[in-house]
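Just final_19.cif here, mmCIF, C-alpha atoms:
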```cif
data_protein
loop_
_atom_site.label_atom_id
_atom_site.label_comp_id
_atom_site.auth_asym_id
_atom_site.auth_seq_id
_atom_site.Cartn_x
_atom_site.Cartn_y
_atom_site.Cartn_z
CA MET A 1478 241.51 134.08 165.36
CA ILE A 1479 240.52 136.48 162.60
CA VAL A 1480 242.08 134.25 159.94
CA VAL A 1481 240.18 131.25 161.32
CA ALA A 1482 236.91 133.21 161.22
CA VAL A 1483 237.57 134.29 157.62
CA VAL A 1484 238.28 130.70 156.55
CA VAL A 1485 235.21 129.34 158.34
CA VAL A 1486 232.83 131.94 156.90
CA HIS A 1487 234.18 131.56 153.37
CA GLY A 1488 233.93 127.79 153.73
CA TYR A 1489 230.29 128.13 154.74
CA LEU A 1490 229.56 130.47 151.83
CA TRP A 1491 231.16 128.04 149.38
CA TRP A 1492 229.22 125.11 150.84
CA ARG A 1493 225.87 126.86 150.78
CA LEU A 1494 226.07 129.25 147.81
CA VAL A 1495 228.45 127.47 145.44
CA ARG A 1496 228.48 123.74 146.09
CA ALA A 1497 224.75 123.41 146.81
CA SER A 1498 223.65 125.38 143.74
CA THR A 1499 226.07 124.08 141.10
CA THR A 1500 226.88 120.68 139.68
CA PRO A 1501 230.22 118.90 140.28
CA GLY A 1502 232.92 119.84 137.79
CA SER A 1503 230.81 122.55 136.16
CA ARG A 1504 232.30 125.80 134.97
CA PRO A 1505 230.10 127.95 137.29
CA ARG A 1506 231.40 126.02 140.30
CA ARG A 1507 235.03 126.54 139.28
CA VAL A 1508 234.54 130.25 138.56
CA LEU A 1509 232.64 130.98 141.78
CA THR A 1510 235.19 129.05 143.82
CA TRP A 1511 238.05 131.15 142.45
CA VAL A 1512 236.07 134.35 142.97
CA LEU A 1513 235.67 133.48 146.66
CA VAL A 1514 239.38 132.70 147.00
CA ILE A 1515 240.42 135.98 145.34
CA LEU A 1516 238.02 138.09 147.41
CA ALA A 1517 239.23 136.44 150.60
CA ALA A 1518 242.84 137.22 149.64
CA VAL A 1519 241.98 140.88 148.89
CA MET A 1520 240.27 141.19 152.25
CA VAL A 1521 243.32 139.79 154.08
CA VAL A 1522 245.59 142.24 152.25
CA THR A 1523 243.24 145.08 153.15
CA PHE A 1524 243.42 144.25 156.86
CA GLY A 1525 247.18 143.79 156.78
CA GLY A 1526 247.94 146.76 154.53
CA SER A 1527 249.45 149.02 157.18
CA ARG A 1528 251.38 146.16 158.81
CA LEU A 1529 252.76 145.13 155.43
CA GLY A 1530 253.96 148.68 154.82
CA LEU A 1531 252.02 149.05 151.57
CA GLY A 1532 251.53 152.78 152.02
CA MET A 1533 248.31 154.79 152.04
CA ASP A 1534 248.12 155.03 148.23
CA VAL A 1535 248.13 151.24 147.86
CA GLU A 1536 245.79 150.85 150.82
CA ARG A 1537 243.27 153.14 149.13
CA VAL A 1538 243.27 150.86 146.07
CA VAL A 1539 242.66 147.61 147.94
CA ALA A 1540 240.52 149.08 150.73
CA TRP A 1541 237.40 149.64 148.63
CA PRO A 1542 237.02 146.09 147.28
CA GLY A 1543 238.40 144.56 150.48
CA TYR A 1544 236.10 146.35 152.91
CA LEU A 1545 233.07 146.17 150.64
CA TRP A 1546 233.55 142.42 150.34
CA LEU A 1547 233.85 142.22 154.13
CA ALA A 1548 230.38 143.78 154.41
CA VAL A 1549 228.91 141.62 151.65
CA MET A 1550 230.49 138.50 153.15
CA PHE A 1551 229.05 139.33 156.56
CA TYR A 1552 225.52 139.80 155.27
CA LEU A 1553 225.75 136.74 153.02
CA PHE A 1554 226.60 134.83 156.18
CA VAL A 1555 223.75 136.43 158.16
CA PHE A 1556 221.14 135.90 155.44
CA GLY A 1557 222.49 132.39 154.88
CA LEU A 1558 221.92 131.49 158.51
CA VAL A 1559 218.43 132.98 158.39
CA MET A 1560 217.59 130.94 155.28
CA GLU A 1561 218.68 127.67 156.90
CA VAL A 1562 215.23 127.17 158.45
CA PRO A 1563 213.08 127.66 155.31
CA ARG A 1564 215.66 125.73 153.29
CA ALA A 1565 215.45 122.81 155.73
CA VAL A 1566 211.65 122.87 155.69
CA ALA A 1567 211.50 122.92 151.89
CA THR A 1568 214.01 120.07 151.64
CA PHE A 1569 212.09 118.01 154.21
CA VAL A 1570 208.77 118.47 152.39
CA THR A 1571 210.36 117.58 149.05
CA SER A 1572 211.96 114.43 150.49
CA ARG A 1573 208.68 113.27 152.04
CA ARG A 1574 206.82 113.73 148.77
CA ARG A 1575 209.51 111.79 146.91
CA ARG A 1576 209.41 108.92 149.38
CA ALA A 1577 205.61 108.85 149.23
CA ALA A 1578 205.72 108.70 145.44
CA GLU A 1579 208.22 105.84 145.50
CA THR A 1580 206.23 103.69 147.97
CA ALA A 1581 202.78 104.26 146.51
CA VAL A 1582 201.49 101.43 144.24
CA PRO A 1583 198.60 102.42 141.98
CA ALA A 1584 195.68 100.03 141.75
CA GLY A 1585 196.17 97.41 139.07
CA ARG A 1586 199.79 98.40 138.52
CA ALA A 1587 201.05 94.88 139.38
CA GLU A 1588 198.76 93.38 136.72
CA GLU A 1589 200.09 95.84 134.14
CA GLU A 1590 203.68 95.04 135.03
CA THR A 1591 203.29 91.22 134.77
CA ALA A 1592 201.52 89.14 132.08
CA PRO A 1593 201.20 85.46 131.04
CA VAL A 1594 203.74 84.17 128.58
CA ASP A 1595 201.14 83.75 125.91
CA GLU A 1596 200.24 87.43 126.05
CA VAL A 1597 203.88 88.36 125.77
CA VAL A 1598 204.41 86.00 122.87
CA LEU A 1599 201.36 87.33 121.08
CA ALA A 1600 202.44 90.87 121.72
CA GLY A 1601 205.94 90.07 120.51
CA ALA A 1602 204.62 88.29 117.43
CA ALA A 1603 202.34 91.16 116.60
CA ALA A 1604 205.25 93.53 116.87
CA GLY A 1605 207.63 91.23 115.02
CA GLY A 1606 209.55 90.39 118.18
CA GLY A 1607 211.43 87.20 119.05
CA ALA A 1608 210.55 84.18 121.17
CA ALA A 1609 209.67 84.21 124.87
CA ALA A 1610 210.13 81.66 127.64
CA HIS A 1611 207.35 80.16 129.77
CA GLY A 1612 206.54 81.90 133.09
CA THR A 1613 206.05 85.59 133.66
CA ALA A 1614 207.89 88.54 132.20
CA THR A 1615 208.09 92.23 133.10
CA THR A 1616 207.54 95.07 130.71
CA GLY A 1617 210.47 97.23 131.97
CA ARG A 1618 208.15 100.11 132.88
CA PRO A 1619 209.06 100.32 136.61
CA ALA A 1620 212.72 101.19 135.89
CA ALA A 1621 211.72 103.84 133.40
CA GLU A 1622 209.10 105.27 135.69
CA GLY A 1623 211.54 105.19 138.65
CA ALA A 1624 214.12 107.15 136.69
CA ALA A 1625 211.48 109.63 135.66
CA ALA A 1626 210.33 109.98 139.27
CA ASP A 1627 213.87 110.54 140.55
CA ALA A 1628 214.79 113.28 138.08
CA PRO A 1629 212.17 115.81 139.19
CA ALA A 1630 213.15 115.19 142.84
CA ILE A 1631 216.80 116.04 142.07
CA ASP A 1632 215.70 119.07 140.09
CA ARG A 1633 213.56 120.25 142.98
CA ARG A 1634 216.45 120.00 145.44
CA LEU A 1635 218.69 121.96 143.10
CA PHE A 1636 215.90 124.48 142.60
CA ILE A 1637 215.56 124.94 146.36
CA SER A 1638 219.31 125.54 146.72
CA ARG A 1639 219.45 128.01 143.84
CA THR A 1640 216.38 129.87 145.07
CA ALA A 1641 217.83 130.13 148.59
CA SER A 1642 221.18 131.29 147.18
CA ALA A 1643 219.43 133.94 145.10
CA VAL A 1644 217.47 135.23 148.09
CA VAL A 1645 220.63 135.34 150.23
CA THR A 1646 222.65 137.13 147.55
CA VAL A 1647 219.98 139.71 146.70
CA GLY A 1648 219.32 140.37 150.38
CA ALA A 1649 223.01 140.86 151.15
CA LEU A 1650 223.68 143.12 148.17
CA ALA A 1651 220.59 145.23 148.84
CA THR A 1652 221.52 145.62 152.51
CA VAL A 1653 225.09 146.62 151.72
CA GLY A 1654 223.92 149.04 149.02
CA TYR A 1655 221.61 150.72 151.51
CA GLY A 1656 224.37 150.75 154.13
CA VAL A 1657 226.85 152.41 151.77
CA SER A 1658 224.36 155.18 150.98
CA ARG A 1659 223.89 155.83 154.71
CA ALA A 1660 227.59 155.72 155.57
CA LEU A 1661 228.62 158.07 152.78
CA GLY A 1662 225.65 160.39 153.21
CA ASP A 1663 225.24 163.36 155.55
CA PRO A 1664 225.31 162.59 159.27
CA VAL A 1665 222.04 162.91 161.14
CA ILE A 1666 221.77 165.87 163.50
CA GLU A 1667 220.55 164.63 166.87
CA ARG A 1668 219.32 167.40 169.18
CA VAL A 1669 219.36 166.13 172.75
CA PRO A 1670 218.22 168.18 175.77
CA ILE A 1671 219.85 166.98 179.01
CA ARG A 1672 218.95 168.19 182.49
CA LEU A 1673 221.72 168.52 185.03
CA PRO A 1674 220.38 169.04 188.57
CA ARG A 1675 223.53 170.89 189.65
CA LEU A 1676 223.61 173.20 186.62
CA ASP A 1677 223.38 176.89 187.44
CA PRO A 1678 220.14 178.23 185.89
CA ARG A 1679 222.17 180.95 184.21
CA MET A 1680 223.86 178.25 182.10
CA SER A 1681 220.60 176.68 181.03
CA GLY A 1682 220.55 176.48 177.24
CA LEU A 1683 224.33 176.02 176.84
CA ARG A 1684 224.86 174.02 173.63
CA ILE A 1685 227.65 171.50 173.14
CA ALA A 1686 228.29 169.89 169.74
CA VAL A 1687 229.52 166.31 170.05
CA VAL A 1688 231.23 164.39 167.26
CA SER A 1689 233.28 161.22 167.44
CA ASP A 1690 234.70 158.41 165.33
CA ILE A 1691 235.32 160.50 162.24
CA HIS A 1692 237.91 157.91 161.23
CA LEU A 1693 239.93 159.76 158.61
CA GLY A 1694 241.58 157.00 156.60
CA PRO A 1695 242.06 155.34 153.22
CA LEU A 1696 238.35 155.49 152.32
CA SER A 1697 237.69 159.08 153.38
CA GLY A 1698 238.62 162.29 151.64
CA ARG A 1699 238.98 165.90 152.62
CA GLY A 1700 235.33 166.43 151.68
CA HIS A 1701 234.32 164.14 154.56
CA THR A 1702 235.94 166.49 157.08
CA GLU A 1703 234.70 169.63 155.32
CA ARG A 1704 231.10 168.40 155.47
CA ILE A 1705 231.34 167.60 159.19
CA VAL A 1706 232.85 171.02 159.93
CA ARG A 1707 230.18 172.77 157.85
CA MET A 1708 227.38 170.94 159.64
CA ILE A 1709 228.84 171.63 163.11
CA ASN A 1710 229.30 175.32 162.33
CA GLY A 1711 225.68 175.46 161.23
CA LEU A 1712 224.61 174.42 164.73
CA GLN A 1713 226.13 177.57 166.30
CA ALA A 1714 227.27 175.58 169.34
CA ASP A 1715 228.85 177.18 172.38
CA ALA A 1716 231.51 174.46 172.49
CA VAL A 1717 232.63 171.63 170.20
CA THR A 1718 233.83 168.29 171.53
CA ILE A 1719 235.64 165.67 169.41
CA VAL A 1720 235.42 162.47 171.44
CA GLY A 1721 238.19 160.32 169.97
CA ASP A 1722 238.93 158.06 166.99
CA LEU A 1723 239.61 160.94 164.64
CA VAL A 1724 242.17 159.13 162.48
CA ASP A 1725 243.38 155.80 161.14
CA GLY A 1726 246.83 156.83 159.99
CA THR A 1727 249.73 159.20 160.55
CA VAL A 1728 249.89 162.96 160.17
CA ALA A 1729 252.06 162.49 157.08
CA GLU A 1730 249.37 160.32 155.50
CA LEU A 1731 246.23 162.10 156.65
CA GLY A 1732 247.21 165.56 157.85
CA ARG A 1733 245.70 167.16 154.74
CA LEU A 1734 242.34 165.56 155.49
CA ALA A 1735 242.28 166.99 159.02
CA THR A 1736 243.07 170.58 157.98
CA PRO A 1737 239.40 171.70 157.75
CA LEU A 1738 239.09 171.18 161.53
CA GLY A 1739 240.88 174.51 161.84
CA SER A 1740 237.68 176.15 160.60
CA LEU A 1741 235.48 174.91 163.48
CA GLU A 1742 233.48 177.76 165.02
CA SER A 1743 232.15 178.00 168.57
CA ARG A 1744 231.95 180.55 171.37
CA TYR A 1745 234.14 178.69 173.86
CA GLY A 1746 236.39 176.63 171.59
CA ALA A 1747 236.84 173.10 170.23
CA TYR A 1748 238.23 170.24 172.35
CA PHE A 1749 239.58 166.75 171.69
CA VAL A 1750 240.32 163.55 173.60
CA THR A 1751 242.07 160.48 172.29
CA GLY A 1752 240.31 157.29 171.24
CA ASN A 1753 241.67 153.79 170.87
CA HIS A 1754 242.51 154.29 167.18
CA GLU A 1755 244.89 157.17 167.90
CA TYR A 1756 247.01 154.59 169.73
CA TYR A 1757 246.92 152.21 166.76
CA THR A 1758 248.63 154.63 164.37
CA ALA A 1759 252.31 154.21 163.55
CA GLY A 1760 253.18 157.62 164.95
CA GLY A 1761 251.04 157.27 168.07
CA PRO A 1762 248.68 159.92 169.46
CA GLN A 1763 251.26 162.59 170.29
CA GLU A 1764 251.81 163.76 166.71
CA TRP A 1765 248.05 164.20 166.28
CA ILE A 1766 247.82 166.08 169.56
CA GLU A 1767 250.37 168.57 168.25
CA GLU A 1768 248.67 168.73 164.85
CA LEU A 1769 245.30 169.52 166.40
CA ARG A 1770 246.84 172.19 168.59
CA SER A 1771 248.18 173.84 165.44
CA LEU A 1772 244.64 173.81 164.04
CA GLY A 1773 243.19 175.53 167.10
CA VAL A 1774 241.63 172.40 168.61
CA ARG A 1775 242.63 171.96 172.26
CA PRO A 1776 243.38 168.41 173.44
CA LEU A 1777 242.27 167.64 176.99
CA LEU A 1778 244.86 165.16 178.27
CA ASN A 1779 243.60 164.18 181.70
CA GLU A 1780 242.81 167.82 182.35
CA ARG A 1781 239.92 170.26 182.42
CA VAL A 1782 238.94 173.78 181.48
CA GLU A 1783 236.37 176.16 182.92
CA ILE A 1784 233.51 177.21 180.67
CA ARG A 1785 232.26 180.58 181.93
CA HIS A 1786 228.83 181.48 180.62
CA ALA A 1787 226.42 184.20 181.74
CA GLY A 1788 228.24 184.59 185.03
CA ALA A 1789 228.20 180.86 185.86
CA VAL A 1790 230.92 178.19 185.55
CA LEU A 1791 230.94 174.63 184.17
CA ASP A 1792 233.94 172.30 184.25
CA LEU A 1793 234.69 170.54 180.96
CA ALA A 1794 237.16 167.70 181.51
CA GLY A 1795 238.77 165.14 179.22
CA VAL A 1796 240.62 161.88 179.84
CA ASN A 1797 242.82 159.73 177.62
CA ASP A 1798 241.55 156.48 176.17
CA LEU A 1799 241.99 153.16 177.95
CA ASN A 1800 244.31 151.96 175.18
CA GLY A 1801 246.92 154.34 176.50
CA VAL A 1802 247.31 152.31 179.69
CA PRO A 1803 250.05 149.94 178.37
CA SER A 1804 252.22 152.92 177.43
CA GLY A 1805 251.55 154.80 180.67
CA ASP A 1806 249.28 157.26 178.88
CA GLY A 1807 245.90 156.01 180.11
CA PRO A 1808 243.01 157.87 181.72
CA ASP A 1809 243.64 159.66 185.02
CA LEU A 1810 240.43 160.98 186.54
CA ASP A 1811 242.13 162.07 189.74
CA ARG A 1812 244.37 164.35 187.75
CA ALA A 1813 241.58 165.58 185.50
CA LEU A 1814 239.11 166.32 188.30
CA GLY A 1815 241.29 166.82 191.37
CA GLY A 1816 241.03 170.14 193.24
CA ARG A 1817 237.93 171.43 191.46
CA ASP A 1818 234.89 173.00 193.12
CA ALA A 1819 232.65 169.98 193.80
CA ASN A 1820 229.56 172.19 193.96
CA ARG A 1821 229.56 172.97 190.26
CA PRO A 1822 228.74 170.49 187.50
CA VAL A 1823 231.33 168.74 185.38
CA VAL A 1824 231.01 167.34 181.86
CA LEU A 1825 233.57 164.66 181.01
CA MET A 1826 234.84 163.73 177.56
CA ALA A 1827 235.83 160.03 177.54
CA HIS A 1828 235.96 157.99 174.35
CA GLN A 1829 234.62 154.67 175.67
CA PRO A 1830 231.25 154.43 177.46
CA VAL A 1831 232.68 151.82 179.84
CA GLN A 1832 234.61 154.63 181.54
CA VAL A 1833 231.34 155.93 183.01
CA THR A 1834 231.72 153.65 186.06
CA GLN A 1835 234.84 155.51 187.17
CA ALA A 1836 233.27 158.81 186.15
CA ALA A 1837 230.33 158.16 188.48
CA ALA A 1838 232.72 157.36 191.31
CA HIS A 1839 234.30 160.79 190.77
CA GLY A 1840 231.01 162.68 190.84
CA VAL A 1841 230.76 163.46 187.12
CA ASP A 1842 227.39 164.85 186.01
CA LEU A 1843 227.57 164.00 182.31
CA GLN A 1844 229.95 161.89 180.22
CA LEU A 1845 230.23 162.32 176.45
CA SER A 1846 231.41 159.19 174.60
CA GLY A 1847 231.57 157.47 171.23
CA HIS A 1848 233.46 154.30 170.26
CA THR A 1849 230.49 151.98 169.63
CA HIS A 1850 229.33 153.42 166.27
CA GLY A 1851 225.89 152.33 167.48
CA GLY A 1852 226.92 148.89 166.25
CA GLN A 1853 227.50 150.32 162.72
CA MET A 1854 226.20 147.18 160.98
CA ALA A 1855 223.20 145.44 162.53
CA PRO A 1856 223.09 142.95 164.19
CA PHE A 1857 226.48 143.93 165.66
CA ASN A 1858 224.52 146.27 167.94
CA LEU A 1859 223.45 143.13 169.81
CA LEU A 1860 227.08 142.31 170.59
CA VAL A 1861 228.22 145.76 171.76
CA PRO A 1862 226.69 145.31 175.26
CA LEU A 1863 229.16 142.49 175.83
CA GLN A 1864 231.89 145.15 176.08
CA GLN A 1865 230.17 148.50 176.62
CA PRO A 1866 227.29 149.46 178.94
CA VAL A 1867 225.58 151.68 176.35
CA VAL A 1868 225.28 151.14 172.59
CA ALA A 1869 223.98 154.60 171.68
CA GLY A 1870 221.97 157.44 173.15
CA LEU A 1871 221.42 158.63 176.71
CA ALA A 1872 221.69 156.47 179.83
CA SER A 1873 222.57 156.92 183.47
CA VAL A 1874 224.34 155.13 186.32
CA PRO A 1875 224.22 155.84 190.08
CA ARG A 1876 226.71 158.51 191.11
CA THR A 1877 228.81 158.47 194.26
CA GLY A 1878 227.37 160.97 196.70
CA GLY A 1879 223.83 160.68 195.33
CA GLY A 1880 222.08 161.32 192.06
CA ASP A 1881 223.07 159.91 188.70
CA THR A 1882 225.89 160.27 186.22
CA GLN A 1883 224.41 160.53 182.77
CA VAL A 1884 226.28 159.30 179.70
CA TYR A 1885 225.52 160.17 176.11
CA VAL A 1886 226.99 157.87 173.46
CA THR A 1887 227.06 159.26 169.94
CA ARG A 1888 227.05 156.86 166.97
CA GLY A 1889 229.95 158.69 165.34
CA ALA A 1890 230.16 160.68 162.12
CA GLY A 1891 232.32 158.26 160.13
CA PHE A 1892 232.83 154.53 159.82
CA TRP A 1893 235.53 152.00 160.46
CA GLY A 1894 236.30 149.25 157.98
CA PRO A 1895 233.42 148.81 155.53
CA PRO A 1896 231.86 152.10 154.35
CA VAL A 1897 228.54 150.66 155.48
CA ARG A 1898 226.07 151.62 158.18
CA VAL A 1899 222.93 149.58 158.73
CA GLY A 1900 220.60 150.49 161.58
CA ALA A 1901 223.08 153.05 162.92
CA PRO A 1902 223.28 156.17 160.72
CA PRO A 1903 226.22 158.56 161.23
CA GLU A 1904 225.54 161.25 163.78
CA ILE A 1905 226.51 164.72 164.93
CA THR A 1906 224.93 165.59 168.27
CA LEU A 1907 223.87 168.96 169.65
CA ILE A 1908 223.38 168.69 173.41
CA GLU A 1909 221.49 171.48 175.14
CA LEU A 1910 222.11 171.58 178.87
CA ARG A 1911 219.16 172.51 181.06
CA ALA A 1912 218.97 173.28 184.75
#
```

Taking this structure as input, can you express it in the form of structure tokens?
Amino acid sequence: MIVVAVVVVHGYLWWRLVRASTTPGSRPRRVLTWVLVILAAVMVVTFGGSRLGLGMDVERVVAWPGYLWLAVMFYLFVFGLVMEVPRAVATFVTSRRRRAAETAVPAGRAEEETAPVDEVVLAGAAAGGGAAAHGTATTGRPAAEGAAADAPAIDRRLFISRTASAVVTVGALATVGYGVSRALGDPVIERVPIRLPRLDPRMSGLRIAVVSDIHLGPLSGRGHTERIVRMINGLQADAVTIVGDLVDGTVAELGRLATPLGSLESRYGAYFVTGNHEYYTAGGPQEWIEELRSLGVRPLLNERVEIRHAGAVLDLAGVNDLNGVPSGDGPDLDRALGGRDANRPVVLMAHQPVQVTQAAAHGVDLQLSGHTHGGQMAPFNLLVPLQQPVVAGLASVPRTGGGDTQVYVTRGAGFWGPPVRVGAPPEITLIELRA
């Protein structure tokens, strides 16, 4: 399916940006065609790097051009579709003007184009020309004028195509350039107060730092993790929650990049739950669970801990990601929440927002999630609701037993695939619970 999509999109780009704006057999057409073919091949290698066993060092080399081209290709496609309407209008207007020019006959033009034989003979004699036959003769002007009329029309069509291609290309490159600066820049600190009706007033003001989708991988370095840790520590949170999708590789490949997580600071500790990408790694999630434990980050594997603050208690629970279901390692809310005091509030860490339905059925007060990246590259944010109930921010669903289960979806501090974020800047969240 992915290969088909890649072929279709590249075919469209060639048709609209190359074929329509170059002449047949020209050198620009040949060069641009080969450029598209090469970039498509690099992108395929980038996606299949881990499956081909290329190794992280090779993946780092091909990932930058491959993923950047993926972003450029996507926005070329988007801008190309947007330009179809003005392109069609301009082409229609040009065609109408051409047809009008071809059918219009200026006054007296027929008399200029035909003349008696005598006039032709006299004109030929005066010019030193040869003999002429009786009847009427044409001057040859219509053919010349027709050719002259056709040429500008062809030039105008080519001009329209080249102008549209230029607009599409500049728009795509500018958008990707902006997106790269956002993705590689500092995450935005979102401070979000959330009221929990069942929260003990003594716990009002408890601060929880939320970060997800850090996505350590071939395009990120140790500095990416160090910056996130530095920013979280600057928030002076009471607890830190890492809500899945920490890595895109094995401990052997990326362990060095995760080391700064051992420097996270908070009053009641740092906690982690798995995301779907932990299950995509060659070594599976277990090796990362052990690695994080060694760094002082506690994984919550369908379990909970008690946060005791100012004489009051809050349950902080965590469940595995849905992608663990095929291997028997999926979420288990009964295990995570069973036997607890139902009169006190519970905050649940669950990577995917879609898990909030089950959370509400189990009486959860607040769910912390990630996964969506806020869409990462607009207009993908319009497609996220097809799979997840919340794209980003705070929402609520009816809770079993009365009230609502609130869910906060963070946009994530990293990126997956292209190092590009458009309309969804990276985020670290500081939630302040209020009674």

Would you give me, as CSV, each residue of segment 1777-1861 of chain A having an atom within 7 Å of an atom of segment 1664-1687 of chain A, along with its shortest atom pair and that distance in Å to one decimal, using all atoms listed in the file and sorting by chain and residue number?
```
residue,atom,partner,partner_atom,distance
A:His1786,CA,A:Met1680,CA,6.1
A:Ala1787,CA,A:Arg1679,CA,5.9
A:Ala1789,CA,A:Arg1679,CA,6.3
A:Arg1821,CA,A:Arg1675,CA,6.4
A:Pro1822,CA,A:Arg1675,CA,5.7
A:Asp1842,CA,A:Leu1673,CA,6.8
```

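Using only C-alpha atoms, the nearest neighbour of Val1688 of chain A within the list A:Tyr1655, A:Tyr1885, A:Phe1569, A:Trp1492 is A:Tyr1885.
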
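Of the listed residues (A:Tyr1757, A:Gly1654, A:Asp1725, A:Leu1810), A:Gly1654 comes nearest to Arg1898 of chain A; the distances count only C-alpha atoms.
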
Which protein, DNA or RNA residues are at most 12 Å from (218.8, 123.9, 155.9) in the file's coordinates when you count all atoms listed in the file, listed as a count of residues only? 22

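Residue selection for this entry, given the PyMOL selection byres ((chain A and resi 1747-1756) around 6), comprises Ala1716, Val1717, Thr1718, Ile1719, Val1720, Gly1721, Asp1722, Gly1746, Tyr1757, Thr1758, Gly1761, Pro1762, Val1774, Arg1775, Pro1776, Leu1777, Asn1797, Asp1798, Asn1800 and His1828 of chain A.
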
Extending 4 Å beyond the listed atoms of segment 1548-1565 of chain A on each side, what axis-aligned box results? I want centre and edge lengths in Å to one decimal, as lines of an AutoDock Vina configuration file.
```
center_x = 221.8
center_y = 133.3
center_z = 155.1
size_x = 25.4
size_y = 29.0
size_z = 14.9
```

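Summary of the local environment: counting only C-alpha atoms, residues at most 7 Å from Ala1901 of chain A, other than itself and those fewer than 5 positions away along its chain, are Gly1851, Gly1852, Gln1853, Met1854 and Arg1888 of chain A.
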
Pull out every residue that the PyMOL selection byres ((chain A and resi 1694) around 7) matches in the shown coordinates and put them as a compact mmCIF listing (two decimals) with C-alpha atoms, keeping the file's coordinate frame.
```
# COMPACT_ATOMS: atom_id res chain seq x y z
CA HIS A 1692 237.91 157.91 161.23
CA LEU A 1693 239.93 159.76 158.61
CA PRO A 1695 242.06 155.34 153.22
CA LEU A 1696 238.35 155.49 152.32
CA SER A 1697 237.69 159.08 153.38
CA VAL A 1724 242.17 159.13 162.48
CA ASP A 1725 243.38 155.80 161.14
CA GLY A 1726 246.83 156.83 159.99
CA LEU A 1731 246.23 162.10 156.65
```

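Remark: for Val1483 of chain A, the closest of the candidate residues A:Leu1910, A:Asp1811, A:Ala1517, A:Thr1882 is A:Ala1517 (distances computed over all atoms listed in the file).
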
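Here the question is which of A:Ser1689, A:Asn1779, A:Ser1743, A:Ser1873 gets nearest to Ala1714 of chain A using only C-alpha atoms, and that residue is A:Ser1743.
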
Please list as a ChimeraX atom specification every residue within 12 Å of Ala1651 of chain A, counting only C-alpha atoms and excluding residues in the same chain fewer than 6 positions away. /A:1548-1549,1552-1553,1556,1643-1645,1657-1658,1897,1899
